[in-house]
>>> print(open('coords_13.csv').read())   # CSV, N, CA and C atoms
chain,number,residue,atom,x,y,z
J,1,MET,N,-5.8,38.4,92.7
J,1,MET,CA,-6.2,38.0,94.0
J,1,MET,C,-7.3,38.9,94.5
J,2,ARG,N,-7.1,40.2,94.3
J,2,ARG,CA,-8.1,41.2,94.8
J,2,ARG,C,-9.4,40.9,94.1
J,3,LYS,N,-9.4,40.6,92.8
J,3,LYS,CA,-10.6,40.3,92.1
J,3,LYS,C,-11.4,39.1,92.8
J,4,ILE,N,-10.6,38.1,93.2
J,4,ILE,CA,-11.2,36.9,93.8
J,4,ILE,C,-11.8,37.3,95.1
J,5,ILE,N,-11.1,38.1,95.9
J,5,ILE,CA,-11.6,38.5,97.2
J,5,ILE,C,-12.9,39.4,97.0
J,6,SER,N,-12.8,40.3,96.1
J,6,SER,CA,-13.9,41.2,95.9
J,6,SER,C,-15.2,40.4,95.4
J,7,LEU,N,-14.9,39.4,94.5
J,7,LEU,CA,-16.0,38.6,94.0
J,7,LEU,C,-16.6,37.8,95.2
J,8,ALA,N,-15.7,37.2,96.0
J,8,ALA,CA,-16.2,36.4,97.2
J,8,ALA,C,-17.0,37.3,98.1
J,9,LEU,N,-16.6,38.5,98.4
J,9,LEU,CA,-17.3,39.4,99.3
J,9,LEU,C,-18.7,39.8,98.6
J,10,LEU,N,-18.7,40.0,97.4
J,10,LEU,CA,-19.9,40.3,96.7
J,10,LEU,C,-20.9,39.2,96.7
J,11,MET,N,-20.4,38.0,96.6
J,11,MET,CA,-21.3,36.8,96.7
J,11,MET,C,-21.8,36.6,98.1
J,12,VAL,N,-21.0,36.9,99.1
J,12,VAL,CA,-21.5,36.8,100.5
J,12,VAL,C,-22.6,37.8,100.7
J,13,LEU,N,-22.4,39.0,100.2
J,13,LEU,CA,-23.4,40.0,100.4
J,13,LEU,C,-24.7,39.7,99.7
J,14,ILE,N,-24.6,39.1,98.5
J,14,ILE,CA,-25.8,38.7,97.7
J,14,ILE,C,-26.6,37.6,98.4
J,15,ILE,N,-25.8,36.6,98.9
J,15,ILE,CA,-26.4,35.5,99.6
J,15,ILE,C,-27.0,35.9,100.9
J,16,SER,N,-26.4,36.8,101.6
J,16,SER,CA,-26.9,37.1,103.0
J,16,SER,C,-28.0,38.1,103.0
J,17,CYS,N,-28.3,38.7,101.8
J,17,CYS,CA,-29.4,39.7,101.8
J,17,CYS,C,-30.7,39.1,102.1
J,18,ASN,N,-31.5,39.7,102.9
J,18,ASN,CA,-32.9,39.2,103.2
J,18,ASN,C,-33.8,39.6,102.1
J,19,ARG,N,-34.3,38.7,101.4
J,19,ARG,CA,-35.2,39.0,100.3
J,19,ARG,C,-36.7,39.1,100.7
J,20,ASN,N,-37.0,38.7,102.0
J,20,ASN,CA,-38.3,38.8,102.5
J,20,ASN,C,-38.5,40.2,103.2
J,21,ILE,N,-39.0,41.1,102.5
J,21,ILE,CA,-39.1,42.5,103.0
J,21,ILE,C,-40.5,42.7,103.5
J,22,ASP,N,-40.7,43.2,104.7
J,22,ASP,CA,-42.0,43.4,105.3
J,22,ASP,C,-42.5,44.8,104.7
J,23,TYR,N,-43.7,44.7,104.1
J,23,TYR,CA,-44.3,45.9,103.6
J,23,TYR,C,-45.6,46.2,104.4
J,24,ALA,N,-45.9,47.4,104.6
J,24,ALA,CA,-47.1,47.8,105.2
J,24,ALA,C,-48.3,47.4,104.3
J,25,TYR,N,-49.3,46.8,104.9
J,25,TYR,CA,-50.5,46.4,104.2
J,25,TYR,C,-51.6,47.4,104.4
J,26,SER,N,-52.3,47.8,103.4
J,26,SER,CA,-53.3,48.8,103.5
J,26,SER,C,-54.7,48.1,103.2
J,27,VAL,N,-55.6,48.4,104.1
J,27,VAL,CA,-57.0,48.0,103.9
J,27,VAL,C,-57.9,49.2,103.9
J,28,GLY,N,-59.0,49.1,103.1
J,28,GLY,CA,-59.8,50.3,103.0
J,28,GLY,C,-61.3,49.9,102.8
J,29,LEU,N,-62.1,50.8,103.3
J,29,LEU,CA,-63.6,50.7,103.0
J,29,LEU,C,-63.9,51.9,102.0
J,30,ASN,N,-64.7,51.6,101.0
J,30,ASN,CA,-65.2,52.7,100.1
J,30,ASN,C,-66.7,52.5,100.2
J,31,ILE,N,-67.4,53.5,100.8
J,31,ILE,CA,-68.8,53.4,100.9
J,31,ILE,C,-69.4,54.5,100.1
J,32,LYS,N,-70.1,54.1,99.0
J,32,LYS,CA,-70.7,55.0,98.0
J,32,LYS,C,-72.2,55.2,98.3
J,33,ASN,N,-72.6,56.4,98.1
J,33,ASN,CA,-74.1,56.6,98.2
J,33,ASN,C,-74.6,57.1,96.9
J,34,HIS,N,-75.2,56.2,96.2
J,34,HIS,CA,-75.8,56.5,94.9
J,34,HIS,C,-77.3,56.7,95.0
J,35,SER,N,-77.7,57.2,96.2
J,35,SER,CA,-79.1,57.4,96.4
J,35,SER,C,-79.3,58.9,96.5
J,36,SER,N,-80.6,59.3,96.7
J,36,SER,CA,-80.9,60.7,96.9
J,36,SER,C,-81.1,61.1,98.3
J,37,HIS,N,-80.6,60.2,99.2
J,37,HIS,CA,-80.8,60.4,100.7
J,37,HIS,C,-79.4,60.5,101.4
J,38,THR,N,-79.3,61.3,102.4
J,38,THR,CA,-78.1,61.3,103.3
J,38,THR,C,-78.2,60.0,104.1
J,39,ILE,N,-77.1,59.3,104.2
J,39,ILE,CA,-77.0,58.1,104.9
J,39,ILE,C,-76.0,58.3,106.1
J,40,ARG,N,-76.5,57.8,107.3
J,40,ARG,CA,-75.6,57.7,108.4
J,40,ARG,C,-75.5,56.2,108.7
J,41,LEU,N,-74.2,55.8,108.7
J,41,LEU,CA,-73.9,54.4,108.9
J,41,LEU,C,-73.1,54.2,110.1
J,42,SER,N,-73.5,53.3,111.0
J,42,SER,CA,-72.8,53.0,112.2
J,42,SER,C,-72.4,51.5,112.2
J,43,LEU,N,-71.1,51.2,112.2
J,43,LEU,CA,-70.7,49.9,112.3
J,43,LEU,C,-70.5,49.6,113.7
J,44,THR,N,-71.5,49.1,114.4
J,44,THR,CA,-71.5,49.0,115.8
J,44,THR,C,-70.8,47.8,116.3
J,45,ASP,N,-70.7,46.8,115.5
J,45,ASP,CA,-70.1,45.5,115.9
J,45,ASP,C,-69.3,45.0,114.8
J,46,ALA,N,-68.1,45.3,114.7
J,46,ALA,CA,-67.2,44.8,113.5
J,46,ALA,C,-65.8,44.6,114.0
J,47,ASP,N,-65.1,43.7,113.4
J,47,ASP,CA,-63.7,43.5,113.7
J,47,ASP,C,-62.9,44.7,113.4
J,48,TRP,N,-61.8,44.8,114.2
J,48,TRP,CA,-60.9,45.9,113.9
J,48,TRP,C,-60.4,45.8,112.5
J,49,PRO,N,-60.2,46.9,111.8
J,49,PRO,CA,-60.2,48.3,112.3
J,49,PRO,C,-61.5,49.1,112.2
J,50,TRP,N,-62.6,48.4,111.9
J,50,TRP,CA,-63.8,49.1,111.5
J,50,TRP,C,-64.8,49.2,112.7
J,51,GLY,N,-64.6,48.5,113.8
J,51,GLY,CA,-65.5,48.4,114.9
J,51,GLY,C,-65.7,49.8,115.5
J,52,GLY,N,-67.0,50.1,115.8
J,52,GLY,CA,-67.3,51.3,116.6
J,52,GLY,C,-67.3,52.6,115.7
J,53,LYS,N,-67.2,52.5,114.4
J,53,LYS,CA,-67.0,53.7,113.6
J,53,LYS,C,-68.4,54.1,113.0
J,54,ALA,N,-68.6,55.4,112.8
J,54,ALA,CA,-69.8,55.9,112.2
J,54,ALA,C,-69.4,56.8,111.0
J,55,TYR,N,-70.2,56.8,110.0
J,55,TYR,CA,-69.9,57.6,108.8
J,55,TYR,C,-71.2,58.3,108.3
J,56,GLU,N,-71.1,59.5,107.8
J,56,GLU,CA,-72.2,60.2,107.2
J,56,GLU,C,-71.8,60.4,105.7
J,57,ILE,N,-72.7,59.9,104.8
J,57,ILE,CA,-72.4,60.0,103.4
J,57,ILE,C,-73.6,60.8,102.8
J,58,ARG,N,-73.3,61.9,102.2
J,58,ARG,CA,-74.4,62.7,101.6
J,58,ARG,C,-74.7,62.0,100.2
J,59,ALA,N,-75.9,62.4,99.7
J,59,ALA,CA,-76.4,61.9,98.4
J,59,ALA,C,-75.3,62.1,97.4
J,60,ASN,N,-75.1,61.0,96.6
J,60,ASN,CA,-74.1,61.0,95.5
J,60,ASN,C,-72.7,61.3,95.9
J,61,GLU,N,-72.3,61.0,97.1
J,61,GLU,CA,-70.9,61.1,97.6
J,61,GLU,C,-70.4,59.8,98.1
J,62,GLU,N,-69.2,59.7,98.5
J,62,GLU,CA,-68.6,58.5,99.0
J,62,GLU,C,-67.7,58.8,100.1
J,63,VAL,N,-67.4,57.8,100.9
J,63,VAL,CA,-66.4,57.9,102.0
J,63,VAL,C,-65.4,56.8,101.8
J,64,VAL,N,-64.1,57.2,101.8
J,64,VAL,CA,-63.1,56.2,101.7
J,64,VAL,C,-62.2,56.3,103.0
J,65,VAL,N,-62.1,55.1,103.6
J,65,VAL,CA,-61.3,55.1,104.9
J,65,VAL,C,-60.2,54.0,104.7
J,66,LYS,N,-59.0,54.4,104.8
J,66,LYS,CA,-57.9,53.5,104.7
J,66,LYS,C,-57.1,53.4,106.0
J,67,GLU,N,-56.6,52.2,106.2
J,67,GLU,CA,-55.8,51.9,107.4
J,67,GLU,C,-54.6,51.1,107.0
J,68,SER,N,-53.5,51.3,107.7
J,68,SER,CA,-52.3,50.4,107.5
J,68,SER,C,-52.4,49.4,108.7
J,69,VAL,N,-52.2,48.2,108.3
J,69,VAL,CA,-52.4,47.1,109.3
J,69,VAL,C,-51.2,46.1,109.2
J,70,ASP,N,-51.1,45.3,110.2
J,70,ASP,CA,-50.2,44.1,110.1
J,70,ASP,C,-51.1,42.9,109.8
J,71,GLY,N,-50.7,42.2,108.8
J,71,GLY,CA,-51.5,41.1,108.3
J,71,GLY,C,-52.6,41.5,107.4
J,72,ILE,N,-53.4,40.6,107.0
J,72,ILE,CA,-54.5,40.8,106.1
J,72,ILE,C,-55.8,40.5,106.8
J,73,PRO,N,-56.5,41.5,107.3
J,73,PRO,CA,-57.8,41.3,108.0
J,73,PRO,C,-58.9,41.0,107.0
J,74,GLU,N,-59.9,40.3,107.5
J,74,GLU,CA,-61.1,40.0,106.7
J,74,GLU,C,-62.1,41.1,107.0
J,75,LEU,N,-63.1,41.3,106.1
J,75,LEU,CA,-64.2,42.2,106.4
J,75,LEU,C,-65.2,41.4,107.2
J,76,ASN,N,-65.3,41.7,108.5
J,76,ASN,CA,-66.3,41.1,109.4
J,76,ASN,C,-67.1,42.2,110.1
J,77,ILE,N,-68.3,42.5,109.5
J,77,ILE,CA,-69.2,43.4,110.1
J,77,ILE,C,-70.4,42.6,110.7
J,78,TYR,N,-70.6,42.6,112.0
J,78,TYR,CA,-71.6,41.8,112.6
J,78,TYR,C,-72.9,42.5,112.7
J,79,THR,N,-72.9,43.8,113.0
J,79,THR,CA,-74.1,44.6,113.1
J,79,THR,C,-73.8,46.0,112.6
J,80,ALA,N,-74.8,46.5,111.7
J,80,ALA,CA,-74.7,47.8,111.2
J,80,ALA,C,-76.0,48.5,111.3
J,81,VAL,N,-76.0,49.7,111.7
J,81,VAL,CA,-77.2,50.5,111.7
J,81,VAL,C,-77.2,51.6,110.6
J,82,VAL,N,-78.2,51.6,109.8
J,82,VAL,CA,-78.2,52.5,108.6
J,82,VAL,C,-79.4,53.5,108.8
J,83,TYR,N,-79.2,54.8,108.8
J,83,TYR,CA,-80.2,55.8,108.8
J,83,TYR,C,-80.2,56.5,107.4
J,84,PHE,N,-81.4,56.6,106.9
J,84,PHE,CA,-81.6,57.4,105.7
J,84,PHE,C,-82.3,58.7,106.1
J,85,ASP,N,-81.7,59.8,105.8
J,85,ASP,CA,-82.2,61.1,106.1
J,85,ASP,C,-82.4,61.3,107.6
J,86,SER,N,-81.7,60.6,108.4
J,86,SER,CA,-81.8,60.6,109.9
J,86,SER,C,-83.2,60.3,110.4
J,87,ALA,N,-84.1,59.7,109.5
J,87,ALA,CA,-85.4,59.4,109.9
J,87,ALA,C,-85.7,57.9,109.8
J,88,VAL,N,-85.3,57.3,108.7
J,88,VAL,CA,-85.6,55.9,108.4
J,88,VAL,C,-84.4,55.0,108.8
J,89,GLU,N,-84.7,54.1,109.8
J,89,GLU,CA,-83.6,53.3,110.4
J,89,GLU,C,-83.8,51.9,110.0
J,90,THR,N,-82.7,51.2,109.8
J,90,THR,CA,-82.7,49.7,109.7
J,90,THR,C,-81.4,49.2,110.3
J,91,ILE,N,-81.6,48.0,110.9
J,91,ILE,CA,-80.4,47.4,111.5
J,91,ILE,C,-80.2,46.1,110.8
J,92,TYR,N,-78.9,45.9,110.4
J,92,TYR,CA,-78.6,44.7,109.7
J,92,TYR,C,-77.6,43.9,110.6
J,93,THR,N,-77.7,42.6,110.5
J,93,THR,CA,-76.7,41.7,111.1
J,93,THR,C,-76.2,40.7,110.1
J,94,ASN,N,-75.1,40.1,110.4
J,94,ASN,CA,-74.6,39.1,109.5
J,94,ASN,C,-75.2,37.7,109.6
J,95,SER,N,-76.1,37.6,110.6
J,95,SER,CA,-76.8,36.3,110.8
J,95,SER,C,-78.2,36.3,110.0
J,96,GLU,N,-78.5,37.4,109.4
J,96,GLU,CA,-79.8,37.5,108.6
J,96,GLU,C,-79.7,36.7,107.3
J,97,ASP,N,-80.8,36.7,106.6
J,97,ASP,CA,-80.8,36.1,105.3
J,97,ASP,C,-79.7,36.8,104.4
J,98,GLY,N,-79.5,36.2,103.3
J,98,GLY,CA,-78.5,36.8,102.4
J,98,GLY,C,-79.0,37.9,101.5
J,99,SER,N,-79.8,38.8,102.0
J,99,SER,CA,-80.4,39.9,101.2
J,99,SER,C,-79.3,40.6,100.5
J,100,GLU,N,-79.6,41.1,99.2
J,100,GLU,CA,-78.6,41.9,98.5
J,100,GLU,C,-78.5,43.3,99.0
J,101,TYR,N,-79.3,43.7,100.0
J,101,TYR,CA,-79.2,45.0,100.6
J,101,TYR,C,-78.6,45.0,102.0
J,102,ASN,N,-78.2,43.8,102.5
J,102,ASN,CA,-77.6,43.7,103.8
J,102,ASN,C,-76.1,44.0,103.7
J,103,ILE,N,-75.7,45.1,104.3
J,103,ILE,CA,-74.3,45.6,104.3
J,103,ILE,C,-73.4,44.6,105.1
J,104,CYS,N,-74.0,43.8,106.0
J,104,CYS,CA,-73.2,42.9,106.8
J,104,CYS,C,-72.9,41.6,106.0
J,105,ASN,N,-73.5,41.4,104.8
J,105,ASN,CA,-73.3,40.3,104.0
J,105,ASN,C,-72.0,40.5,103.1
J,106,ASN,N,-71.0,39.9,103.3
J,106,ASN,CA,-69.7,40.1,102.6
J,106,ASN,C,-69.9,39.9,101.1
J,107,ASP,N,-70.9,39.1,100.6
J,107,ASP,CA,-71.1,38.9,99.2
J,107,ASP,C,-71.6,40.2,98.5
J,108,ASN,N,-72.1,41.2,99.3
J,108,ASN,CA,-72.6,42.4,98.7
J,108,ASN,C,-71.5,43.5,98.6
J,109,TRP,N,-70.3,43.2,98.9
J,109,TRP,CA,-69.2,44.1,98.7
J,109,TRP,C,-68.4,43.7,97.5
J,110,VAL,N,-67.8,44.7,96.8
J,110,VAL,CA,-66.9,44.4,95.7
J,110,VAL,C,-65.5,44.5,96.4
J,111,VAL,N,-64.7,43.5,96.1
J,111,VAL,CA,-63.4,43.4,96.7
J,111,VAL,C,-62.3,43.5,95.7
J,112,GLU,N,-61.3,44.4,95.9
J,112,GLU,CA,-60.2,44.6,95.0
J,112,GLU,C,-59.0,44.3,95.9
J,113,LYS,N,-58.2,43.3,95.5
J,113,LYS,CA,-56.9,43.0,96.2
J,113,LYS,C,-55.7,43.0,95.3
J,114,ASP,N,-54.6,43.4,95.9
J,114,ASP,CA,-53.4,43.2,95.2
J,114,ASP,C,-52.4,42.8,96.3
J,115,LYS,N,-51.1,42.8,96.0
J,115,LYS,CA,-50.1,42.3,96.9
J,115,LYS,C,-50.0,43.1,98.2
J,116,TYR,N,-50.3,44.4,98.2
J,116,TYR,CA,-50.1,45.2,99.4
J,116,TYR,C,-51.4,45.8,99.9
J,117,SER,N,-52.5,45.6,99.3
J,117,SER,CA,-53.7,46.2,99.8
J,117,SER,C,-55.0,45.5,99.4
J,118,THR,N,-56.1,45.8,100.2
J,118,THR,CA,-57.4,45.3,99.9
J,118,THR,C,-58.4,46.5,100.1
J,119,MET,N,-59.3,46.6,99.1
J,119,MET,CA,-60.3,47.7,99.2
J,119,MET,C,-61.6,47.0,99.0
J,120,TRP,N,-62.5,47.2,100.0
J,120,TRP,CA,-63.9,46.7,100.0
J,120,TRP,C,-64.8,47.9,99.7
J,121,THR,N,-65.7,47.7,98.7
J,121,THR,CA,-66.6,48.8,98.2
J,121,THR,C,-68.0,48.3,98.4
J,122,TYR,N,-68.8,49.2,99.0
J,122,TYR,CA,-70.3,48.9,99.1
J,122,TYR,C,-71.0,50.1,98.5
J,123,THR,N,-72.0,49.9,97.7
J,123,THR,CA,-72.7,51.0,97.1
J,123,THR,C,-74.2,51.0,97.5
J,124,PHE,N,-74.6,52.1,98.2
J,124,PHE,CA,-76.1,52.3,98.5
J,124,PHE,C,-76.8,52.9,97.3
J,125,THR,N,-78.0,52.4,97.0
J,125,THR,CA,-78.7,52.9,95.9
J,125,THR,C,-80.2,53.2,96.4
J,126,GLU,N,-81.0,53.7,95.5
J,126,GLU,CA,-82.4,53.9,95.8
J,126,GLU,C,-83.1,52.6,96.2
J,127,GLU,N,-82.6,51.5,95.7
J,127,GLU,CA,-83.2,50.2,96.0
J,127,GLU,C,-83.0,49.9,97.5
J,128,ASP,N,-81.8,50.3,98.0
J,128,ASP,CA,-81.6,50.1,99.5
J,128,ASP,C,-82.6,50.8,100.3
J,129,TYR,N,-82.9,52.1,99.9
J,129,TYR,CA,-83.9,52.9,100.6
J,129,TYR,C,-85.3,52.2,100.5
J,130,ASP,N,-85.6,51.8,99.3
J,130,ASP,CA,-86.9,51.2,99.1
J,130,ASP,C,-87.1,49.9,99.9
J,131,TYR,N,-86.0,49.1,99.9
J,131,TYR,CA,-86.0,47.9,100.7
J,131,TYR,C,-86.2,48.2,102.2
J,132,THR,N,-85.6,49.2,102.7
J,132,THR,CA,-85.7,49.6,104.1
J,132,THR,C,-87.1,50.0,104.4
J,133,ILE,N,-87.7,50.8,103.5
J,133,ILE,CA,-89.1,51.2,103.7
J,133,ILE,C,-90.1,50.0,103.7
J,134,ARG,N,-89.9,49.1,102.8
J,134,ARG,CA,-90.8,47.9,102.8
J,134,ARG,C,-90.6,47.0,104.0
J,135,HIS,N,-89.4,47.0,104.6
J,135,HIS,CA,-89.2,46.0,105.6
J,135,HIS,C,-89.1,46.6,107.0
J,136,ARG,N,-89.3,47.8,107.2
J,136,ARG,CA,-89.2,48.4,108.5
J,136,ARG,C,-90.5,48.1,109.3
J,137,GLU,N,-90.3,48.0,110.6
J,137,GLU,CA,-91.5,47.8,111.5
J,137,GLU,C,-92.3,49.0,111.6
J,138,PRO,N,-93.7,48.9,111.6
J,138,PRO,CA,-94.5,50.1,111.8
J,138,PRO,C,-94.4,50.8,113.1
>>> encode(input="coords_13.csv", output="structure tokens")
Amino acid sequence: MRKIISLALLMVLIISCNRNIDYAYSVGLNIKNHSSHTIRLSLTDADWPWGGKAYEIRANEEVVVKESVDGIPELNIYTAVVYFDSAVETIYTNSEDGSEYNICNNDNWVVEKDKYSTMWTYTFTEEDYDYTIRHREP
């Protein structure tokens, strides 16, 4: 009889266990600078958690920023200001053409996702600098 009661209690415990466990979700930006210029990047208009943030990335370095969030946010950067060597400035918006050098264009980011995290990676190169020089206003 004890075995039957123990088995019944064990079955009740197994059935009543909540299998939907809430895990913290991690999102991150990895901004790489593969150019020979120091870059200052301001995400002036972006959805949380990236809005209003500024980063300085020296030549051949990177910045990784991770946040724990509820839910799975998308990468939405509406306006970004990029300075090369604090002298050459360009402003990108997500309403511009689909240039391969526009940091606001989600297609220019490499996305790595798994069950508990998403990492977005953008890499600045010498071509980004050259593009900025060619397209800046005199």
>>> closest_residue(input="coords_13.csv", among="J:Asp130, J:Asp85, J:Glu112, J:Asp107", to="His37 (chain J)", atoms="all atoms listed in the file")
J:Asp85
>>> residues_around(input="coords_13.csv", residues="Lys53 (chain J)", least_positions_apart="3", cutoff="8 Å", atoms="only N, CA and C atoms", output="list of chain:residue names")
J:Leu41, J:Ser42, J:Leu43, J:Thr44, J:Asp45, J:Ala46, J:Pro49, J:Trp50, J:Glu56
>>> write_last_selection(input="coords_13.csv", atoms="N, CA and C atoms", output="short mmCIF file (atom, residue, chain, number, x, y, z; two decimals), in the coordinates of the input")
data_model
loop_
_atom_site.label_atom_id
_atom_site.label_comp_id
_atom_site.auth_asym_id
_atom_site.auth_seq_id
_atom_site.Cartn_x
_atom_site.Cartn_y
_atom_site.Cartn_z
N LEU J 41 -74.20 55.80 108.70
CA LEU J 41 -73.90 54.40 108.90
C LEU J 41 -73.10 54.20 110.10
N SER J 42 -73.50 53.30 111.00
CA SER J 42 -72.80 53.00 112.20
C SER J 42 -72.40 51.50 112.20
N LEU J 43 -71.10 51.20 112.20
CA LEU J 43 -70.70 49.90 112.30
C LEU J 43 -70.50 49.60 113.70
N THR J 44 -71.50 49.10 114.40
CA THR J 44 -71.50 49.00 115.80
C THR J 44 -70.80 47.80 116.30
N ASP J 45 -70.70 46.80 115.50
CA ASP J 45 -70.10 45.50 115.90
C ASP J 45 -69.30 45.00 114.80
N ALA J 46 -68.10 45.30 114.70
CA ALA J 46 -67.20 44.80 113.50
C ALA J 46 -65.80 44.60 114.00
N PRO J 49 -60.20 46.90 111.80
CA PRO J 49 -60.20 48.30 112.30
C PRO J 49 -61.50 49.10 112.20
N TRP J 50 -62.60 48.40 111.90
CA TRP J 50 -63.80 49.10 111.50
C TRP J 50 -64.80 49.20 112.70
N GLU J 56 -71.10 59.50 107.80
CA GLU J 56 -72.20 60.20 107.20
C GLU J 56 -71.80 60.40 105.70
#
>>> closest_residue(input="coords_13.csv", among="J:Thr132, J:Tyr92, J:Leu75, J:Thr123", to="Asn106 (chain J)", atoms="only C-alpha atoms")
J:Leu75
>>> atom_distance(input="coords_13.csv", atom1="atom C of Lys113 (chain J)", atom2="atom N of Val69 (chain J)")
14.4 Å
>>> atom_distance(input="coords_13.csv", atom1="atom N of Glu100 (chain J)", atom2="atom C of Asn30 (chain J)")
17.2 Å
>>> closest_residue(input="coords_13.csv", among="J:Asn33, J:Ile133, J:Ser26, J:Glu61", to="Val88 (chain J)", atoms="only C-alpha atoms")
J:Ile133
>>> atom_distance(input="coords_13.csv", atom1="CA of Ser117 (chain J)", atom2="atom N of Ala80 (chain J)")
24.2 Å
>>> closest_residue(input="coords_13.csv", among="J:Tyr101, J:Tyr129, J:Trp120, J:Trp109", to="Val65 (chain J)", atoms="only C-alpha atoms")
J:Trp120
>>> build_atoms(input="coords_13.csv", residues="region 104-118 of chain J", atoms="N, CA, C and O atoms", output="compact mmCIF listing (two decimals), in the coordinates of the input")
# COMPACT_ATOMS: atom_id res chain seq x y z
N CYS J 104 -74.00 43.80 106.00
CA CYS J 104 -73.20 42.90 106.80
C CYS J 104 -72.90 41.60 106.00
O CYS J 104 -72.11 40.75 106.44
N ASN J 105 -73.50 41.40 104.80
CA ASN J 105 -73.30 40.30 104.00
C ASN J 105 -72.00 40.50 103.10
O ASN J 105 -72.11 41.39 102.20
N ASN J 106 -71.00 39.90 103.30
CA ASN J 106 -69.70 40.10 102.60
C ASN J 106 -69.90 39.90 101.10
O ASN J 106 -69.17 40.53 100.27
N ASP J 107 -70.90 39.10 100.60
CA ASP J 107 -71.10 38.90 99.20
C ASP J 107 -71.60 40.20 98.50
O ASP J 107 -71.58 40.28 97.29
N ASN J 108 -72.10 41.20 99.30
CA ASN J 108 -72.60 42.40 98.70
C ASN J 108 -71.50 43.50 98.60
O ASN J 108 -71.85 44.59 98.13
N TRP J 109 -70.30 43.20 98.90
CA TRP J 109 -69.20 44.10 98.70
C TRP J 109 -68.40 43.70 97.50
O TRP J 109 -68.23 42.50 97.22
N VAL J 110 -67.80 44.70 96.80
CA VAL J 110 -66.90 44.40 95.70
C VAL J 110 -65.50 44.50 96.40
O VAL J 110 -65.18 45.45 97.08
N VAL J 111 -64.70 43.50 96.10
CA VAL J 111 -63.40 43.40 96.70
C VAL J 111 -62.30 43.50 95.70
O VAL J 111 -62.33 42.82 94.66
N GLU J 112 -61.30 44.40 95.90
CA GLU J 112 -60.20 44.60 95.00
C GLU J 112 -59.00 44.30 95.90
O GLU J 112 -58.74 45.00 96.87
N LYS J 113 -58.20 43.30 95.50
CA LYS J 113 -56.90 43.00 96.20
C LYS J 113 -55.70 43.00 95.30
O LYS J 113 -55.83 42.70 94.11
N ASP J 114 -54.60 43.40 95.90
CA ASP J 114 -53.40 43.20 95.20
C ASP J 114 -52.40 42.80 96.30
O ASP J 114 -52.76 42.46 97.38
N LYS J 115 -51.10 42.80 96.00
CA LYS J 115 -50.10 42.30 96.90
C LYS J 115 -50.00 43.10 98.20
O LYS J 115 -49.71 42.48 99.22
N TYR J 116 -50.30 44.40 98.20
CA TYR J 116 -50.10 45.20 99.40
C TYR J 116 -51.40 45.80 99.90
O TYR J 116 -51.30 46.63 100.83
N SER J 117 -52.50 45.60 99.30
CA SER J 117 -53.70 46.20 99.80
C SER J 117 -55.00 45.50 99.40
O SER J 117 -55.03 44.65 98.50
N THR J 118 -56.10 45.80 100.20
CA THR J 118 -57.40 45.30 99.90
C THR J 118 -58.40 46.50 100.10
O THR J 118 -58.27 47.20 101.06
